[in-house]
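Quick notes on the structure that follows.
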There are 2 protein chains.
Amino acid sequence: MRMEEEKILLAHGSGGRLSYELIKGLFLSAFENPTLAELDDSARLDRDRGRLAFSTDSYTVKPLFFPGGDIGKLSIYGTVNDLAMVGASPKYISISFIIEEGLPLRTLHDIVDSIKGAATQTGVTIVTGDTKVVEKGDADQLFINTTGIGYIPEGVDISGKKGQVGDLILLSGTIGDHGTAVLSQREGFQFQAELRSDCAPLHGLVEAMLEASTNINVLRDPTRGGLATVLWEIANASKVGIVIEEEKIKLREEVRGVCDLLGFDPLYLANEGKLVAFIPQKEAERVLEAMKVNPLGRDAVIIGRTVKDNPGKVLLKTRIGGHRLLEPLSGELIPRIC
Amino acid sequence: MRMEEEKILLAHGSGGRLSYELIKGLFLSAFENPTLAELDDSARLDRDRGRLAFSTDSYTVKPLFFPGGDIGKLSIYGTVNDLAMVGASPKYISISFIIEEGLPLRTLHDIVDSIKGAATQTGVTIVTGDTKVVEKGDADQLFINTTGIGYIPEGVDISGKKGQVGDLILLSGTIGDHGTAVLSQREGFQFQAELRSDCAPLHGLVEAMLEASTNINVLRDPTRGGLATVLWEIANASKVGIVIEEEKIKLREEVRGVCDLLGFDPLYLANEGKLVAFIPQKEAERVLEAMKVNPLGRDAVIIGRTVKDNPGKVLLKTRIGGHRLLEPLSGELIPRIC
């Protein structure tokens, strides 16, 4: 990375290409070790006493409350989901608040209530925490970090590097709901009532999938950067080509409307309650059926497959029969989406 | 806690009385569980697969670089120290950056270098991470969260609740170095060259102490809120009285000078490389000797003892023979000290 005169851009936090370059170019080379280099949603600490999963995320979403969720709920679900994406059962959570001086105590209380509800719902225990308060103007209301520990069952080995040629690619539901809901709330769009974040904990869905088959190669939740960026990352990590069909990808009408209106590509919008799975062909139907009986996988569908050709590339077969190469998100679409 | 019209104050993050009230009144009651209720520097996850220690801290220190350290070093040492305070060997660290748009990449690079050095020095592995970027003005340069996992050796049972009547209280060195160093750097004091943070990893010192005796009841590092607040917390958690002697507490001349000049009480200033230990009388001398041969415990000294009278109170016997009751820090002395 060029260093002098360069500054951190919003896009360095987008989850897209610049995030990837910052992580590869600065963090990975500095903190070099094989566990970190996996770059999965959770670190897998297999080498020690069982199979621990360990994951961290800071939440800076703006506004703090949005249709379908709030920063508290998001901070629990998000970390629960990252643990679930390596097949782990979420167990312990640490929580750390960075609060701007002057935040109404009522607001903090409401968010804490939401955290409590989300923790109870997902069965995680908040075992340790930290609170910092910074002067007015030095932060925007509230940032939350959660870090989670989960346990990975025997026989489960899920990683973004494990996609195999011939895997089918499953998507658990519609895309773009979270991104459009937060944006519309933030900007005060008139049509916001119709938009709602999909913010949900995915560990139950993953458990149901693993009951159908432990032979799942990759799981990933397409948050920042959206479906396209996540697929591109997996294609690169697994060194396979990916072909997906646009017509299989479901979009709620309201989301399609916002995207048409504002020129957003839903493939790059953040989701907070969806996952993609790479599964060997012979197991895929069984897992798909298991997903469909779970409320969070009701709209699950096979959207494509991995191929030998063009490793590292993601090809979208468009509705009208064309082909489009999907690049990772460049720049920043919507800052502070999570 | 009264809720309506109340706002979060800087003092809610001071580590003193208001922090305590926020934690007890809001977080503990919402997230109620016995592990969290221990309120030690790390959670001890004894009930699962061995003896895991788990600790989180967000770092918001201002300025990012100060004499003797920087936010990167602090973010590793701080979490290593929290793990060490339950007797754990630090092992894995997660790191999460909240970056203000526009931060020079060179600054981030220098801090990452410092993190790398601190991780190597302390033997922890950075296994997972996260990066968020917020718009200019929505954060002050850089906040870092680290969360750590460590393993507690068999036979070690250290907690702020375990202080026993008759324990001797050991302090590992001088106090007030970190607080005065950060303050002087921030305010551009002329005498800053003489002040230097004590920022250091304490796990090696703790290991040496545990080799001398595993019979250590309490360990705590007096960071925010200082020595007085930490002793008050232990007195309350352990339901013992504490008597300490002012003349035993060591202060560097430069620190004393700043305190005299600015009216700070060094008992309430933050330290980042010191610990207090509560140890049964018959083992205390042995542990003290072990501390003194470690560079970070060279100035270790017995500063007092626990007593049956006045449980929950901390009595300071002053140099001139008087007595002073030490309350926890009220208000905020120096914001963003860590």
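Residue numbering restarts at 1 for every chain of the structure tokens, chains are lettered A, B, ... in their displayed order, and ligands are numbered from 1 as they appear.
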
Can you check which residues of chain A have any atom within 6 Å of chain B? Use only C-alpha atoms and format it as a VMD selection string. chain A and resid 3 6 to 10 13 31 35 to 36 43 56 to 57 101 to 106 116 127 to 133 138 to 140

Written file, previous selection with N, CA and C atoms, as a PDB file, in the first residue's frame:
ATOM      1  N   MET A   3       1.766   4.802   1.158  1.00  0.00           N
ATOM      2  CA  MET A   3       1.550   5.204   2.539  1.00  0.00           C
ATOM      3  C   MET A   3       1.495   6.711   2.709  1.00  0.00           C
ATOM      4  N   GLU A   6      -1.436   9.283   1.947  1.00  0.00           N
ATOM      5  CA  GLU A   6      -2.702   8.565   1.845  1.00  0.00           C
ATOM      6  C   GLU A   6      -3.464   8.681   3.154  1.00  0.00           C
ATOM      7  N   LYS A   7      -4.769   8.742   3.006  1.00  0.00           N
ATOM      8  CA  LYS A   7      -5.632   8.839   4.176  1.00  0.00           C
ATOM      9  C   LYS A   7      -6.656   7.717   4.145  1.00  0.00           C
ATOM     10  N   ILE A   8      -7.160   7.389   5.306  1.00  0.00           N
ATOM     11  CA  ILE A   8      -8.230   6.407   5.383  1.00  0.00           C
ATOM     12  C   ILE A   8      -9.503   7.004   4.777  1.00  0.00           C
ATOM     13  N   LEU A   9     -10.099   6.261   3.870  1.00  0.00           N
ATOM     14  CA  LEU A   9     -11.348   6.670   3.229  1.00  0.00           C
ATOM     15  C   LEU A   9     -12.502   5.873   3.813  1.00  0.00           C
ATOM     16  N   LEU A  10     -13.696   6.385   3.636  1.00  0.00           N
ATOM     17  CA  LEU A  10     -14.872   5.619   4.061  1.00  0.00           C
ATOM     18  C   LEU A  10     -14.853   4.229   3.430  1.00  0.00           C
ATOM     19  N   GLY A  13     -13.734   0.995   4.985  1.00  0.00           N
ATOM     20  CA  GLY A  13     -14.623   0.273   5.897  1.00  0.00           C
ATOM     21  C   GLY A  13     -15.841  -0.298   5.201  1.00  0.00           C
ATOM     22  N   PHE A  31       0.246  -8.851  11.438  1.00  0.00           N
ATOM     23  CA  PHE A  31      -0.132  -9.787  12.509  1.00  0.00           C
ATOM     24  C   PHE A  31      -0.009 -11.242  12.058  1.00  0.00           C
ATOM     25  N   THR A  35      -4.046 -18.672  11.651  1.00  0.00           N
ATOM     26  CA  THR A  35      -5.444 -18.575  12.082  1.00  0.00           C
ATOM     27  C   THR A  35      -6.088 -17.313  11.521  1.00  0.00           C
ATOM     28  N   LEU A  36      -5.405 -16.185  11.673  1.00  0.00           N
ATOM     29  CA  LEU A  36      -5.931 -14.927  11.143  1.00  0.00           C
ATOM     30  C   LEU A  36      -6.067 -14.993   9.628  1.00  0.00           C
ATOM     31  N   ALA A  43     -12.562 -16.667  13.879  1.00  0.00           N
ATOM     32  CA  ALA A  43     -11.330 -17.446  13.960  1.00  0.00           C
ATOM     33  C   ALA A  43     -11.664 -18.801  14.549  1.00  0.00           C
ATOM     34  N   THR A  56     -15.135 -11.001  16.447  1.00  0.00           N
ATOM     35  CA  THR A  56     -15.344  -9.645  16.958  1.00  0.00           C
ATOM     36  C   THR A  56     -15.953  -8.750  15.890  1.00  0.00           C
ATOM     37  N   ASP A  57     -16.778  -7.808  16.302  1.00  0.00           N
ATOM     38  CA  ASP A  57     -17.300  -6.787  15.396  1.00  0.00           C
ATOM     39  C   ASP A  57     -17.621  -5.540  16.195  1.00  0.00           C
ATOM     40  N   GLU A 101     -20.549  11.590  25.331  1.00  0.00           N
ATOM     41  CA  GLU A 101     -21.070  12.387  26.450  1.00  0.00           C
ATOM     42  C   GLU A 101     -22.389  13.043  26.027  1.00  0.00           C
ATOM     43  N   GLY A 102     -23.385  12.981  26.881  1.00  0.00           N
ATOM     44  CA  GLY A 102     -24.665  13.624  26.576  1.00  0.00           C
ATOM     45  C   GLY A 102     -25.718  12.687  26.013  1.00  0.00           C
ATOM     46  N   LEU A 103     -25.352  11.465  25.690  1.00  0.00           N
ATOM     47  CA  LEU A 103     -26.349  10.508  25.208  1.00  0.00           C
ATOM     48  C   LEU A 103     -27.434  10.358  26.277  1.00  0.00           C
ATOM     49  N   PRO A 104     -28.715  10.466  25.903  1.00  0.00           N
ATOM     50  CA  PRO A 104     -29.755  10.290  26.924  1.00  0.00           C
ATOM     51  C   PRO A 104     -29.666   8.890  27.544  1.00  0.00           C
ATOM     52  N   LEU A 105     -29.754   8.839  28.847  1.00  0.00           N
ATOM     53  CA  LEU A 105     -29.698   7.565  29.547  1.00  0.00           C
ATOM     54  C   LEU A 105     -30.842   6.667  29.082  1.00  0.00           C
ATOM     55  N   ARG A 106     -31.950   7.282  28.745  1.00  0.00           N
ATOM     56  CA  ARG A 106     -33.121   6.539  28.244  1.00  0.00           C
ATOM     57  C   ARG A 106     -32.761   5.778  26.965  1.00  0.00           C
ATOM     58  N   LYS A 116     -30.428  -7.262  25.796  1.00  0.00           N
ATOM     59  CA  LYS A 116     -30.862  -8.316  26.719  1.00  0.00           C
ATOM     60  C   LYS A 116     -31.815  -9.289  26.012  1.00  0.00           C
ATOM     61  N   VAL A 127     -20.790 -12.094  29.433  1.00  0.00           N
ATOM     62  CA  VAL A 127     -19.998 -12.429  30.615  1.00  0.00           C
ATOM     63  C   VAL A 127     -19.013 -11.357  31.036  1.00  0.00           C
ATOM     64  N   THR A 128     -18.740 -10.388  30.164  1.00  0.00           N
ATOM     65  CA  THR A 128     -17.781  -9.348  30.540  1.00  0.00           C
ATOM     66  C   THR A 128     -18.021  -8.122  29.659  1.00  0.00           C
ATOM     67  N   GLY A 129     -17.557  -6.965  30.103  1.00  0.00           N
ATOM     68  CA  GLY A 129     -17.835  -5.759  29.334  1.00  0.00           C
ATOM     69  C   GLY A 129     -16.934  -4.607  29.706  1.00  0.00           C
ATOM     70  N   ASP A 130     -17.178  -3.489  29.034  1.00  0.00           N
ATOM     71  CA  ASP A 130     -16.381  -2.287  29.244  1.00  0.00           C
ATOM     72  C   ASP A 130     -17.217  -1.086  28.817  1.00  0.00           C
ATOM     73  N   THR A 131     -17.002   0.037  29.495  1.00  0.00           N
ATOM     74  CA  THR A 131     -17.701   1.267  29.127  1.00  0.00           C
ATOM     75  C   THR A 131     -16.716   2.415  29.054  1.00  0.00           C
ATOM     76  N   LYS A 132     -16.672   3.071  27.916  1.00  0.00           N
ATOM     77  CA  LYS A 132     -15.897   4.304  27.798  1.00  0.00           C
ATOM     78  C   LYS A 132     -16.848   5.434  27.413  1.00  0.00           C
ATOM     79  N   VAL A 133     -16.578   6.606  27.953  1.00  0.00           N
ATOM     80  CA  VAL A 133     -17.343   7.786  27.555  1.00  0.00           C
ATOM     81  C   VAL A 133     -16.359   8.799  26.990  1.00  0.00           C
ATOM     82  N   ASP A 138     -16.737  13.790  20.034  1.00  0.00           N
ATOM     83  CA  ASP A 138     -15.643  12.850  19.770  1.00  0.00           C
ATOM     84  C   ASP A 138     -16.125  11.467  19.329  1.00  0.00           C
ATOM     85  N   ALA A 139     -17.439  11.247  19.365  1.00  0.00           N
ATOM     86  CA  ALA A 139     -18.023  10.030  18.789  1.00  0.00           C
ATOM     87  C   ALA A 139     -19.452  10.417  18.407  1.00  0.00           C
ATOM     88  N   ASP A 140     -20.099   9.599  17.597  1.00  0.00           N
ATOM     89  CA  ASP A 140     -21.474   9.908  17.215  1.00  0.00           C
ATOM     90  C   ASP A 140     -22.430   9.012  18.004  1.00  0.00           C
TER      91      ASP A 140
END

Residue list (alpha helix (DSSP H), DSSP) for region 63-309 of chain B, as a ChimeraX atom specification: /B:71-84,105-122,177-187,203-212,226-238,253-262,281-292

Spatial neighbours of region 271-278 of chain B, max dist 8 Å, only C-alpha atoms, sep filter under 3 positions, as a ChimeraX atom specification: /B:74,78,163,167-179,197-202,216-224,226,296

Enumerate as a PyMOL selection string all residues of region 25-185 of chain A assigned to strand (DSSP E) by DSSP on the backbone, naming them with the chain letters and numbers the document uses. chain A and resi 43-45+52-59+65-66+69-70+89-100+125-134+142-151+167-171

Å distance separating CA of Val206 (chain A) from CA of Arg298 (chain A), one decimal place: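 Separation between CA of Val206 (chain A) and CA of Arg298 (chain A): 13.3 Å.
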
What does the structure give for the distance between CA of Gly188 (chain B) and CA of Asp260 (chain B), in Å to one decimal?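 The value is 17.6 Å.
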
Near Ile320 (chain B), counting only C-alpha atoms, which residues have an atom at most 12 Å away, once you skip same-chain residues fewer than 4 positions from it, shown as a list in words?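 Selected residues are Glu245, Glu246, Glu247, Leu316 and Arg324 of chain B.
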
Go ahead and compute the interatomic distance for CA of Asp265 (chain B) and CA of Glu21 (chain B), in Å to one decimal.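 CA of Glu21 (chain B) lies 22.2 Å from CA of Asp265 (chain B).
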